[in-house]
Amino acid sequence: MVLLLSAVSLLSALHLGYLTRQVGKSRSIHGITPPAVNGAPEFERTFRAHQNCVEFYPIFLVVFWTAGLHTSEVLAAVLGLFYIYAQHCFFFGYQASSKGRLSGFYASLVIIITLANLATVGIFSGILDEYFDIDLKKKILK
Amino acid sequence: MVLLLSAVSLLSALHLGYLTRQVGKSRSIHGITPPAVNGAPEFERTFRAHQNCVEFYPIFLVVFWTAGLHTSEVLAAVLGLFYIYAQHCFFFGYQASSKGRLSGFYASLVIIITLANLATVGIFSGILDEYFDIDLKKKILK
Amino acid sequence: MVLLLSAVSLLSALHLGYLTRQVGKSRSIHGITPPAVNGAPEFERTFRAHQNCVEFYPIFLVVFWTAGLHTSEVLAAVLGLFYIYAQHCFFFGYQASSKGRLSGFYASLVIIITLANLATVGIFSGILDEYFDIDLKKKILK
């Protein structure tokens with residue numbers, strides 16, 4: 001009962017919380033008190049890196065859950081773990097330098113696109129089955 | 001099994017990804033490299049338009065799913081499609097001019113309020129039924 | 001059928017919408033028209049307070065739903081109500097002064113950590129039961 005999807009979602013939420021904490025740490029290091037969001041270039045990169053992770057998070061959750069619910073929970077869970085790792089690389093790469101964000105960014109994108117494709121296939125064949133009584137799996141196996 | 005809610009959620013997530021890409025494109029056009037978020041007025045409007053879409057997205061997802069789960073999945077799905085279109089108009093309207101955001105903004109708001117009302121009715125009658133054994137539908141039909 | 005989780009989620013989404021509206025109000029009061037996000041210190045604090053609420057919201061939703069699905073729906077719902085109140089205090093505290101955000105912030109954090117712990121226990125014992133056929137509850141009661 002969505003145990004693996006829940007487990008990876010929980011892990012991803014805690015990881016995002018951990019990244020949020022890095023922004024606070026970067027504030028302390030560079031002496032930038034809220035609500036200011038400008039100052040040392042390293043802080044500004046850390047701040048933007050976090051913002052980008054936040055922006056991508058709901059998109060990830062949607063493709064992750066729709067893929068997991070309508071195709072394979074195990075496959076979605078594994079891709080979800082890779083996504084957390086890719087976001088980790090993106091964040092700390094971006095913190096180090098503006099170009100350092102790219103590999104983690106592209107990896108995240110590839111995983112999101114893969115999950116979105118899985119979800120599309122699963123939902124499409126589900127709708128065919130449910131609303132048009134067409135069993136795609138059987139048709140392909142024939 | 002939540003196929004229509006999943007389909008519209010997936011579409012909305014991909015649409016938000018598409019809007020995110022527009023910010024990147026606007027960066028290229030106006031030569032603004034990350035982590036900078038200031039510069040040409042058109043870029044700043046594009047950036048803010050995207051931020052607003054991101055801010056509204058979790059609110060939309062919650063009212064959309066609670067409405068769909070507790071009232072009519074088909075009705076919620078149709079409203080969800082209108083929401084994606086309204087956000088589309090909001091984004092490109094805002095990119096064109098600050099006033100251009102208004103019609104799409106109000107349309108989005110109306111859809112969110114409608115979904116929230118649907119969800120409230122569905123959850124309220126569900127709680128009455130489940131916890132107080134009061135069947136609202138029957139009472140009204142009598 | 002997740003009625004309480006839906007009810008509290010809906011309430012939290014409407015509350016976040018209400019906070020979003022406060023940013024608009026603060027824009028009017030201080031005469032700051034979109035897309036500008038700088039100006040009067042009070043507006044900047046209001047703007048940042050809202051941003052922080054938006055950043056925390058998906059994290060809250062994930063720990064809230066995973067806790068509610070895999071442990072106790074009632075307990076999660078009560079903690080969710082406290083979270084909304086804590087965010088309320090955080091927002092208006094931050095709007096008043098930069099230090100005013102702290103008590104609401106720490107309260108929110110404690111609730112998120114509690115929900116995350118509940119979810120971890122629930123998912124962990126669920127996975128042991130489902131995939132390893134180990135019933136943790138029985139073992140502890142023995």
# chains A, B, ... in the order shown; residues from 1 in each chain; ligands from 1

$ interface_residues --of "chain A" --to "chain C" --cutoff "9 Å" --atoms "only C-alpha atoms" --output "JSON, numbers by chain"
{"A": [1, 3, 4, 6, 7, 9, 10, 12, 13, 14, 16, 17, 20, 33, 34, 35, 36, 51, 54, 55, 57, 58]}

$ atom_distance --atom1 "CA of Leu11 (chain A)" --atom2 "CA of Leu102 (chain A)"
23.2 Å

$ closest_residue --among "C:Lys25, C:His15, C:Glu73, C:Leu118" --to "Ala86 (chain C)" --atoms "only C-alpha atoms"
C:His15

$ select_by_dssp --residues "region 14-97 of chain C" --states "helix (DSSP H, G or I)" --output "VMD selection string"
chain C and resid 14 to 30 41 to 70 73 to 96

$ atom_distance --atom1 "CA of Ala96 (chain C)" --atom2 "CA of Thr114 (chain C)"
27.8 Å
